[in-house]
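**Q** This is start25.txt (compact mmCIF, C-alpha atoms).
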```txt
# COMPACT_ATOMS: atom_id res chain seq x y z
CA MET A 1 0.00 0.00 0.00
CA SER A 2 1.48 3.33 -1.07
CA PRO A 3 1.75 6.13 1.51
CA ALA A 4 -0.97 8.78 1.54
CA PRO A 5 -0.11 11.81 -0.63
CA VAL A 6 1.28 14.83 1.20
CA THR A 7 -1.31 17.59 1.58
CA PRO A 8 -0.40 21.11 0.46
CA SER A 9 -0.83 22.55 3.95
CA SER A 10 1.40 19.97 5.62
CA ALA A 11 4.00 20.38 2.83
CA PHE A 12 4.04 24.13 3.44
CA ARG A 13 4.16 23.99 7.25
CA ARG A 14 6.85 21.33 7.36
CA MET A 15 9.31 23.57 5.50
CA LEU A 16 8.88 26.46 7.90
CA TRP A 17 10.33 24.72 10.94
CA GLU A 18 10.47 20.92 11.03
CA ASP A 19 12.40 20.62 7.74
CA ASN A 20 13.52 24.24 7.39
CA PRO A 21 15.93 24.30 4.44
CA VAL A 22 18.50 26.48 6.21
CA LEU A 23 18.22 25.46 9.86
CA VAL A 24 17.69 21.73 9.35
CA GLN A 25 18.94 20.88 5.86
CA THR A 26 21.72 23.52 5.90
CA LEU A 27 21.08 24.45 2.26
CA GLY A 28 21.32 27.83 0.56
CA ILE A 29 24.32 28.80 2.65
CA CYS A 30 26.14 30.81 -0.06
CA SER A 31 23.39 33.38 -0.35
CA THR A 32 22.87 33.35 3.41
CA LEU A 33 26.44 34.57 3.80
CA ALA A 34 26.39 36.92 0.82
CA VAL A 35 23.27 39.03 1.16
CA THR A 36 22.35 39.09 4.85
CA ASN A 37 24.40 42.19 5.64
CA LEU A 38 21.59 44.37 4.28
CA VAL A 39 17.93 43.73 5.12
CA LYS A 40 16.62 45.29 1.89
CA ASN A 41 18.82 43.14 -0.35
CA THR A 42 17.90 40.11 1.73
CA LEU A 43 14.19 40.78 1.31
CA ILE A 44 14.43 41.13 -2.47
CA MET A 45 16.61 38.03 -2.70
CA CYS A 46 14.09 36.11 -0.59
CA LEU A 47 11.14 37.21 -2.74
CA GLY A 48 13.08 36.08 -5.80
CA LEU A 49 13.82 32.71 -4.24
CA ILE A 50 10.21 32.19 -3.13
CA PHE A 51 9.03 32.91 -6.69
CA THR A 52 11.63 30.63 -8.24
CA THR A 53 11.14 27.72 -5.82
CA ALA A 54 7.37 27.84 -6.02
CA CYS A 55 7.15 28.18 -9.82
CA SER A 56 9.85 25.62 -10.62
CA SER A 57 8.39 23.09 -8.17
CA LEU A 58 4.93 23.54 -9.70
CA VAL A 59 6.15 23.14 -13.29
CA ILE A 60 8.37 20.16 -12.49
CA ALA A 61 5.49 18.45 -10.66
CA VAL A 62 3.19 19.03 -13.64
CA LEU A 63 5.79 17.52 -16.00
CA ARG A 64 7.10 14.86 -13.60
CA ASP A 65 5.58 11.86 -15.39
CA ARG A 66 6.88 13.03 -18.78
CA ILE A 67 10.45 14.04 -17.90
CA PRO A 68 12.87 11.29 -19.01
CA LYS A 69 14.98 10.16 -16.06
CA GLN A 70 18.22 10.55 -18.04
CA VAL A 71 17.78 14.31 -18.46
CA ARG A 72 15.67 15.18 -15.43
CA MET A 73 18.34 17.28 -13.72
CA MET A 74 19.19 19.16 -16.89
CA VAL A 75 15.50 19.92 -17.40
CA GLN A 76 15.18 21.07 -13.80
CA VAL A 77 18.14 23.44 -14.14
CA LEU A 78 16.78 24.80 -17.40
CA ILE A 79 13.37 25.52 -15.88
CA ILE A 80 14.91 27.07 -12.74
CA ALA A 81 17.24 29.22 -14.85
CA ALA A 82 14.31 30.43 -16.95
CA PHE A 83 12.41 31.62 -13.88
CA VAL A 84 15.50 33.32 -12.45
CA ILE A 85 16.12 35.18 -15.71
CA VAL A 86 12.45 36.21 -15.66
CA ILE A 87 13.03 37.76 -12.21
CA LYS A 88 16.16 39.54 -13.44
CA ILE A 89 14.33 40.97 -16.47
CA LEU A 90 11.38 42.11 -14.33
CA LEU A 91 13.71 43.80 -11.83
CA ASP A 92 15.65 45.52 -14.63
CA ALA A 93 12.40 46.75 -16.13
CA PHE A 94 10.41 47.76 -13.06
CA LEU A 95 12.87 48.10 -10.13
CA PRO A 96 16.12 49.14 -11.83
CA ASP A 97 17.67 50.67 -8.68
CA ILE A 98 17.22 47.49 -6.67
CA SER A 99 18.41 45.42 -9.63
CA ARG A 100 21.65 47.44 -9.72
CA GLU A 101 22.16 47.03 -5.97
CA LEU A 102 21.64 43.28 -6.03
CA GLY A 103 24.08 42.91 -8.92
CA PRO A 104 25.00 39.26 -9.42
CA TYR A 105 23.04 37.88 -6.47
CA VAL A 106 19.79 37.38 -8.38
CA GLY A 107 21.52 35.26 -11.00
CA LEU A 108 22.99 33.16 -8.23
CA ILE A 109 19.50 31.93 -7.27
CA ILE A 110 20.04 29.39 -10.07
CA THR A 111 22.78 27.78 -8.01
CA ASN A 112 20.83 27.85 -4.75
CA CYS A 113 20.69 24.24 -3.55
CA ILE A 114 17.23 24.73 -2.05
CA VAL A 115 15.57 25.25 -5.43
CA MET A 116 17.00 22.15 -7.04
CA GLY A 117 16.70 20.25 -3.76
CA ARG A 118 12.93 20.78 -3.68
CA THR A 119 12.39 20.02 -7.36
CA GLU A 120 14.46 16.84 -7.24
CA GLY A 121 13.53 15.78 -3.71
CA PHE A 122 9.82 16.63 -3.67
CA ALA A 123 8.31 17.95 -6.89
CA MET A 124 9.47 14.95 -8.97
CA GLY A 125 7.38 12.65 -6.77
CA ASN A 126 4.36 14.65 -5.72
CA ARG A 127 1.25 16.33 -7.07
CA PRO A 128 1.47 19.91 -8.42
CA LEU A 129 -0.45 21.62 -5.61
CA ALA A 130 1.60 19.90 -2.90
CA ALA A 131 4.80 20.75 -4.82
CA LEU A 132 3.72 24.39 -5.13
CA ALA A 133 3.06 24.53 -1.36
CA ASP A 134 6.37 22.81 -0.65
CA GLY A 135 8.22 25.29 -2.84
CA LEU A 136 6.45 28.23 -1.22
CA GLY A 137 7.16 26.81 2.24
CA ALA A 138 10.84 26.25 1.44
CA GLY A 139 11.14 29.81 0.17
CA VAL A 140 9.33 31.30 3.15
CA GLY A 141 11.29 29.13 5.61
CA TYR A 142 14.56 30.25 3.99
CA SER A 143 13.40 33.87 4.05
CA LEU A 144 12.49 33.86 7.75
CA VAL A 145 15.97 32.68 8.71
CA LEU A 146 17.76 35.07 6.35
CA LEU A 147 15.74 38.07 7.46
CA ALA A 148 16.42 37.22 11.11
CA ILE A 149 20.16 37.04 10.41
CA ALA A 150 20.07 40.28 8.40
CA ALA A 151 18.18 41.99 11.23
CA VAL A 152 21.21 41.30 13.44
CA ARG A 153 24.02 41.92 10.93
CA GLU A 154 22.91 45.23 9.39
CA PRO A 155 22.40 47.15 12.66
CA LEU A 156 25.65 45.90 14.18
CA GLY A 157 27.67 46.28 11.00
CA LEU A 158 26.23 49.47 9.55
CA GLY A 159 24.17 50.98 12.37
CA SER A 160 21.05 50.91 10.22
CA PHE A 161 17.96 48.81 9.56
CA PHE A 162 16.53 48.70 6.04
CA GLY A 163 18.94 51.53 5.22
CA VAL A 164 17.55 53.80 7.95
CA PRO A 165 20.08 54.75 10.65
CA ILE A 166 18.88 53.41 14.00
CA LEU A 167 22.04 53.62 16.11
CA PRO A 168 23.84 56.76 17.29
CA THR A 169 26.15 58.43 14.76
CA ASP A 170 29.14 57.73 17.01
CA TRP A 171 28.35 54.00 16.85
CA THR A 172 31.52 52.12 15.92
CA ARG A 173 30.64 49.84 13.05
CA TRP A 174 31.47 46.17 13.53
CA ASN A 175 33.10 45.70 10.15
CA ILE A 176 33.19 41.95 10.62
CA MET A 177 29.37 41.90 10.64
CA VAL A 178 29.21 42.97 6.99
CA ILE A 179 31.67 40.42 5.64
CA ALA A 180 31.00 36.74 5.02
CA PRO A 181 32.63 35.26 8.17
CA SER A 182 30.06 36.92 10.41
CA GLY A 183 27.38 35.28 8.27
CA PHE A 184 28.92 31.94 9.26
CA PHE A 185 28.91 32.88 12.95
CA ALA A 186 25.36 34.23 12.86
CA LEU A 187 24.05 31.24 10.93
CA ALA A 188 25.80 28.77 13.23
CA THR A 189 24.30 30.53 16.26
CA PHE A 190 20.81 30.42 14.74
CA ILE A 191 21.17 26.70 13.91
CA TRP A 192 22.46 25.98 17.41
CA VAL A 193 19.57 27.81 19.06
CA ALA A 194 17.03 26.21 16.71
CA ARG A 195 18.31 22.74 17.54
CA LEU A 196 18.26 23.51 21.25
CA VAL A 197 14.64 24.60 20.92
CA LYS A 198 13.69 21.63 18.77
CA GLY A 199 15.40 19.17 21.11
CA GLY A 200 14.90 15.61 19.87
CA ALA A 201 17.29 12.73 19.43
CA PRO A 202 21.04 13.35 19.05
CA ARG A 203 22.65 12.92 15.65
CA PRO A 204 23.48 9.33 14.72
CA GLY A 205 27.05 8.64 15.78
CA ALA A 206 27.18 11.58 18.19
CA ARG A 207 29.02 10.74 21.39
CA PRO A 208 27.43 11.52 24.73
CA ALA A 209 29.15 14.32 26.60
CA MET B 1 9.35 5.99 -30.90
CA SER B 2 12.71 4.98 -29.51
CA GLN B 3 13.60 6.01 -26.00
CA LYS B 4 16.66 7.99 -27.16
CA LEU B 5 14.64 9.97 -29.69
CA ARG B 6 11.99 10.68 -27.07
CA VAL B 7 14.63 12.06 -24.70
CA VAL B 8 16.06 14.29 -27.40
CA LEU B 9 12.67 15.59 -28.52
CA PHE B 10 11.56 16.27 -24.95
CA THR B 11 14.76 18.17 -24.20
CA VAL B 12 14.45 20.23 -27.36
CA ALA B 13 10.79 20.98 -26.65
CA VAL B 14 11.45 22.13 -23.07
CA THR B 15 14.36 24.28 -24.25
CA ILE B 16 12.22 25.92 -26.94
CA VAL B 17 9.32 26.59 -24.57
CA PHE B 18 11.34 28.07 -21.71
CA GLY B 19 13.91 29.77 -23.96
CA GLY B 20 11.00 31.29 -25.83
CA LEU B 21 9.40 32.46 -22.59
CA VAL B 22 12.57 34.26 -21.52
CA SER B 23 13.30 35.65 -24.97
CA GLY B 24 9.73 36.83 -25.40
CA LEU B 25 9.69 38.62 -22.05
CA ASN B 26 13.07 40.17 -22.80
CA ALA B 27 11.90 41.36 -26.21
CA LEU B 28 8.74 42.74 -24.64
CA LEU B 29 10.63 44.75 -22.01
CA ALA B 30 13.91 45.48 -23.84
CA ASP B 31 12.93 49.05 -24.66
CA ARG B 32 11.90 49.75 -21.08
CA ILE B 33 15.15 48.23 -19.72
CA ALA B 34 17.27 50.26 -22.15
CA LEU B 35 15.30 53.38 -21.24
CA ASN B 36 15.91 52.74 -17.53
CA ALA B 37 19.66 52.37 -18.10
CA GLN B 38 19.78 55.51 -20.22
CA ALA B 39 17.70 57.48 -17.71
CA ALA B 40 20.03 56.39 -14.89
CA ARG B 41 23.02 57.77 -16.85
CA GLN B 42 21.19 60.98 -17.71
CA ARG B 43 20.16 61.59 -14.07
CA VAL B 44 23.79 61.25 -12.95
CA ILE B 45 25.05 63.67 -15.62
CA LEU B 46 22.32 66.22 -14.85
CA HIS B 47 23.33 66.07 -11.18
CA LEU B 48 27.08 66.32 -11.88
CA LEU B 49 26.59 69.32 -14.14
CA GLY B 50 24.73 71.05 -11.33
CA LEU B 51 21.47 71.06 -13.26
CA ALA B 52 19.61 69.12 -10.55
CA THR B 53 20.22 68.13 -6.96
CA PRO B 54 20.93 64.43 -6.43
CA GLU B 55 17.46 63.96 -4.91
CA ALA B 56 15.70 65.87 -7.70
CA ALA B 57 17.65 64.02 -10.38
CA ALA B 58 16.89 60.63 -8.81
CA ALA B 59 13.19 61.49 -8.68
CA LEU B 60 12.99 62.40 -12.38
CA PRO B 61 10.86 59.96 -14.38
CA ALA B 62 12.69 58.47 -17.37
CA ASP B 63 10.87 60.62 -19.94
CA GLN B 64 11.51 63.85 -18.03
CA ALA B 65 15.17 62.94 -17.51
CA ALA B 66 15.50 62.37 -21.27
CA ALA B 67 13.75 65.65 -22.08
CA ARG B 68 15.89 67.69 -19.70
CA PHE B 69 19.05 65.93 -20.86
CA ALA B 70 18.24 66.73 -24.49
CA ALA B 71 17.49 70.37 -23.69
CA GLU B 72 20.20 71.15 -21.15
CA VAL B 73 23.19 68.91 -21.94
CA ARG B 74 25.36 68.48 -25.00
CA SER B 75 28.14 66.01 -25.69
CA ARG B 76 31.56 67.04 -26.87
CA THR B 77 34.51 65.05 -28.18
CA LEU B 78 37.91 65.99 -26.84
CA GLY B 79 41.18 65.08 -28.47
CA PRO B 80 42.97 63.49 -30.02
CA GLY B 81 45.48 63.51 -27.18
CA PRO B 82 49.21 62.75 -27.48
CA ASP B 83 48.55 59.08 -28.17
CA GLY B 84 45.64 59.73 -30.51
CA THR B 85 42.99 59.05 -27.86
CA THR B 86 39.70 60.89 -27.92
CA ALA B 87 36.99 61.01 -25.26
CA VAL B 88 33.37 62.01 -25.25
CA CYS B 89 32.35 64.23 -22.38
CA PHE B 90 29.24 66.18 -21.45
CA GLU B 91 28.74 69.84 -20.66
CA ARG B 92 25.88 72.25 -20.14
CA ALA B 93 24.24 73.14 -23.44
CA ALA B 94 24.23 76.78 -22.35
CA THR B 95 28.02 76.86 -21.97
CA THR B 96 29.66 79.52 -24.12
CA ALA B 97 33.14 80.96 -24.31
CA ALA B 98 31.86 83.97 -22.41
CA SER B 99 30.30 81.94 -19.62
CA GLY B 100 33.68 80.97 -18.22
CA PRO B 101 35.46 77.67 -17.68
CA ALA B 102 33.26 74.71 -18.49
CA LEU B 103 32.23 71.93 -16.20
CA LEU B 104 32.90 68.70 -18.08
CA VAL B 105 31.57 65.26 -17.14
CA PHE B 106 33.61 62.24 -18.22
CA PRO B 107 32.65 58.58 -17.98
CA PHE B 108 35.21 56.27 -16.40
CA ALA B 109 35.58 52.50 -15.97
CA GLY B 110 38.09 50.01 -14.71
CA GLN B 111 38.50 46.72 -12.93
CA GLY B 112 37.39 46.69 -9.29
CA PHE B 113 37.92 43.95 -6.71
CA TRP B 114 35.12 41.68 -7.97
CA ASP B 115 34.01 43.24 -11.25
CA ALA B 116 34.14 46.44 -13.28
CA ILE B 117 33.64 49.79 -11.56
CA ARG B 118 31.99 52.46 -13.71
CA GLY B 119 30.91 56.00 -13.08
CA TYR B 120 31.12 59.64 -14.06
CA VAL B 121 33.42 62.39 -12.85
CA ALA B 122 32.84 66.14 -13.27
CA ILE B 123 35.93 68.28 -13.82
CA ASP B 124 36.18 72.04 -13.63
CA ALA B 125 38.08 72.65 -16.88
CA GLY B 126 39.47 75.94 -15.60
CA SER B 127 40.89 74.89 -12.23
CA ARG B 128 41.44 71.22 -13.21
CA ARG B 129 39.69 70.15 -10.01
CA ILE B 130 37.09 67.47 -9.42
CA ALA B 131 33.66 69.02 -9.09
CA GLY B 132 31.83 65.78 -8.37
CA ILE B 133 31.94 62.05 -8.87
CA VAL B 134 29.38 59.23 -8.90
CA PHE B 135 30.12 55.52 -8.97
CA THR B 136 27.19 54.11 -10.91
CA GLU B 137 28.06 50.43 -11.34
CA HIS B 138 30.14 48.04 -9.29
CA ALA B 139 30.01 44.64 -7.64
CA GLU B 140 32.16 45.44 -4.60
CA THR B 141 31.43 43.79 -1.24
CA PRO B 142 28.23 45.30 0.18
CA GLY B 143 28.97 47.37 3.26
CA LEU B 144 32.73 47.43 2.61
CA GLY B 145 33.92 48.23 -0.92
CA GLY B 146 30.28 48.77 -1.80
CA ARG B 147 30.44 52.00 0.19
CA ILE B 148 31.99 53.68 -2.87
CA SER B 149 28.46 54.35 -4.08
CA GLU B 150 27.59 56.25 -0.88
CA PRO B 151 27.40 60.05 -1.25
CA GLY B 152 29.78 60.43 1.71
CA PHE B 153 32.58 58.67 -0.17
CA ALA B 154 31.95 60.67 -3.35
CA ALA B 155 32.12 63.90 -1.31
CA ARG B 156 35.74 63.10 -0.40
CA PHE B 157 36.75 63.77 -4.02
CA GLN B 158 35.15 67.21 -4.13
CA GLY B 159 37.65 69.96 -5.05
CA LYS B 160 40.63 67.63 -5.39
CA PRO B 161 43.22 68.94 -7.90
CA LEU B 162 44.27 66.82 -10.85
CA ASP B 163 47.17 68.98 -12.01
CA GLN B 164 49.59 68.31 -9.15
CA PRO B 165 50.99 64.84 -9.87
CA ALA B 166 53.34 63.30 -7.31
CA PRO B 167 56.83 62.15 -8.40
CA ASP B 168 55.45 58.62 -8.78
CA GLY B 169 52.91 59.94 -11.32
CA ARG B 170 49.82 59.61 -9.12
CA ARG B 171 47.64 62.69 -9.24
CA LEU B 172 45.50 61.52 -6.30
CA ARG B 173 46.35 59.16 -3.46
CA LEU B 174 43.75 57.20 -1.52
CA VAL B 175 45.10 56.80 2.00
CA SER B 176 43.92 55.11 5.20
CA GLU B 177 40.51 56.33 6.28
CA GLY B 178 40.88 59.43 8.44
CA SER B 179 44.49 60.16 7.52
CA ALA B 180 44.13 62.36 4.42
CA ALA B 181 46.10 65.54 5.12
CA GLN B 182 47.41 66.77 1.75
CA PRO B 183 45.26 68.38 -0.97
CA THR B 184 45.88 65.40 -3.24
CA GLU B 185 45.04 62.81 -0.57
CA ILE B 186 41.62 61.24 -0.17
CA ASP B 187 40.39 59.03 2.67
CA GLY B 188 40.03 55.44 1.46
CA LEU B 189 37.68 52.85 2.91
CA THR B 190 38.56 50.84 6.01
CA GLY B 191 38.09 47.13 5.40
CA ALA B 192 38.15 47.55 1.62
CA SER B 193 41.83 47.92 0.73
CA GLU B 194 41.51 46.26 -2.68
CA THR B 195 38.54 48.41 -3.67
CA THR B 196 40.40 51.51 -2.47
CA ARG B 197 43.43 50.58 -4.57
CA ALA B 198 41.23 49.88 -7.58
CA VAL B 199 39.47 53.24 -7.27
CA GLU B 200 42.83 55.03 -6.97
CA ARG B 201 44.09 53.25 -10.09
CA ILE B 202 40.94 54.01 -12.09
CA ILE B 203 40.75 57.65 -11.03
CA ASN B 204 44.41 58.34 -11.76
CA ARG B 205 44.22 56.71 -15.17
CA THR B 206 41.10 58.72 -15.96
CA ALA B 207 42.73 61.90 -14.66
CA ASP B 208 45.81 61.35 -16.85
CA LEU B 209 43.57 61.08 -19.90
CA ILE B 210 41.46 64.11 -18.96
CA ILE B 211 44.45 66.36 -18.28
CA ALA B 212 46.08 65.31 -21.55
CA LEU B 213 42.89 65.96 -23.50
CA LEU B 214 42.22 69.31 -21.81
CA ALA B 215 45.70 70.38 -22.89
CA ASN B 216 44.72 69.58 -26.45
CA PRO B 217 40.94 69.70 -26.55
CA GLY B 218 40.65 69.68 -30.31
CA GLY B 219 37.69 72.03 -30.20
CA PRO B 220 34.03 71.25 -29.78
CA GLN B 221 32.59 68.85 -32.29
CA PRO B 222 28.92 68.31 -32.90
```
Can you turn what I pasted into structure tokens?

**A**
Amino acid sequence: MSPAPVTPSSAFRRMLWEDNPVLVQTLGICSTLAVTNLVKNTLIMCLGLIFTTACSSLVIAVLRDRIPKQVRMMVQVLIIAAFVIVIKILLDAFLPDISRELGPYVGLIITNCIVMGRTEGFAMGNRPLAALADGLGAGVGYSLVLLAIAAVREPLGLGSFFGVPILPTDWTRWNIMVIAPSGFFALATFIWVARLVKGGAPRPGARPA
Amino acid sequence: MSQKLRVVLFTVAVTIVFGGLVSGLNALLADRIALNAQAARQRVILHLLGLATPEAAAALPADQAAARFAAEVRSRTLGPGPDGTTAVCFERAATTAASGPALLVFPFAGQGFWDAIRGYVAIDAGSRRIAGIVFTEHAETPGLGGRISEPGFAARFQGKPLDQPAPDGRRLRLVSEGSAAQPTEIDGLTGASETTRAVERIINRTADLIIALLANPGGPQP
């Protein structure tokens, strides 16, 4: 007897916390380090990733029974790349200032492991609506973590939030907070706290203290 | 149908559909994207020529920026210089010989830390000093080298002379942040040494060209 199909609501909710792509699966780390020093850039990047993950998961799930196994990953990359280029064109046309600020980051959504991870790991084996919800959930789950990290890095590193100064003008900027290593530290701290909160069984092979 | 043929046909079909989607959208919005890029350049030049404040220039819709640019700015080709180089610059359309030394805006470009840095610099042709500078494109590290696009960094170039080269040939020196003491020294960016060096290199190369061309302007050309 085959397992019951995943419902869209459970697919969405699972990605927010239980299977959060950043905190649990540790995917999408490159962009987590790269863009989280500015909240505005993080937000735009997150919206782009939500759009890409949701659309590519939906399309892959619709085509899943027709995609030949030999070329499935190539097809997935092609579809993901198409949606990312669509985002880039729309930003260039309607939000040119933000497009200039984000520079190469939007294009890098193509290489974000979360997008391909959800298409290959979920959309290829599930119904379109569930895949759409899973893609949306993965994007939103990723965004919540990134925005939380950015909300710490930008004030400490630049004294501002969303570009608006919020700390005194004599605030000494923590330069390390705007470069990639602090992204590692912040992310590691968030993962540590999340796992403390989640509790649960220790990792297989972990030695007791 | 053989399996191999099916794989090939499916791949070709998906490529055509999604390639077509992207190409179609690009074709649909190409004019708007080109207009945005052109308007961004025109706003910067209007601001550097003192025809609009930075805020007013940034707030100009693309069509108004184009209209004001056409009415108030004209391009001019300088040169050829000693090595045969020419350069296109921009000046106020109302500039005449009687109105005094011209403010000229030159584009510049060069390799930054991660990618090309581009922008525009305004030079007072009479005093050979920088009247303003804007870094319009770069891919420097946000928050570090990326600070070159902040108005505060651009303000550090204001009034700097280009006609007092040091013995090593550098007309301007970018030094540690907070240590600029000489007229030809400019505070660099802490935590962005490579970007600072790149900016110094680009600005000095541009300044060499500008000074050479101003010495032999070749007269205005339509």

**Q** Just give me the gap between atom CA of Glu101 of chain A and atom CA of Glu137 of chain B in Å, one decimal is fine.

**A**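 Result for atom CA of Glu101 of chain A versus atom CA of Glu137 of chain B: 8.7 Å, one decimal.
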
**Q** Would you pick out the contacts of segment 11-18 of chain A at 10 Å or less, using all atoms listed in the file, so that residues sharing its chain but fewer than 4 positions from it are not included, and give the list as a list of chain:residue names?

**A**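 So, after excluding close chain neighbours, the residues are A:Val6, A:Thr7, A:Val22, A:Leu23, A:Val24, A:Gln25, A:Phe122, A:Leu129, A:Ala130, A:Ala131, A:Leu132, A:Ala133, A:Asp134, A:Gly135, A:Leu136, A:Gly137, A:Ala138, A:Gly139, A:Val140, A:Gly141, A:Tyr142, A:Ser143, A:Leu144, A:Val145, A:Ala194, A:Lys198.
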
**Q** Enter the distance from atom CA of Tyr120 of chain B to atom CA of Gln42 of chain B, in Å, rounded to one decimal.

**A**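 About the pair atom CA of Tyr120 of chain B and atom CA of Gln42 of chain B: they are 10.7 Å apart.
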
**Q** For Pro82 of chain B, work out the shell of residues within 10 Å, counting all atoms listed in the file and skipping chain neighbours fewer than 5 positions away, then give it as a VMD selection string.

**A** chain B and resid 209 212 to 213 215 to 216

**Q** Could you list the residues in chain B lying within 7 Å of chain A, using only C-alpha atoms, and format the result as a VMD selection string?

**A** chain B and resid 7 18 22 26 29 32 to 33 36 139 143

**Q** Contacts of segment 52-58 of chain B at 7 Å or less, counting only C-alpha atoms, minus same-chain residues fewer than 3 places along, as JSON, numbers by chain?

**A** {"B": [43, 46, 47]}

**Q** Would you mind reading off the distance between atom CA of Ala155 of chain B and atom CA of Leu43 of chain A, one decimal, in Å?

**A**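 Going from atom CA of Ala155 of chain B over to atom CA of Leu43 of chain A, I get 29.4 Å.
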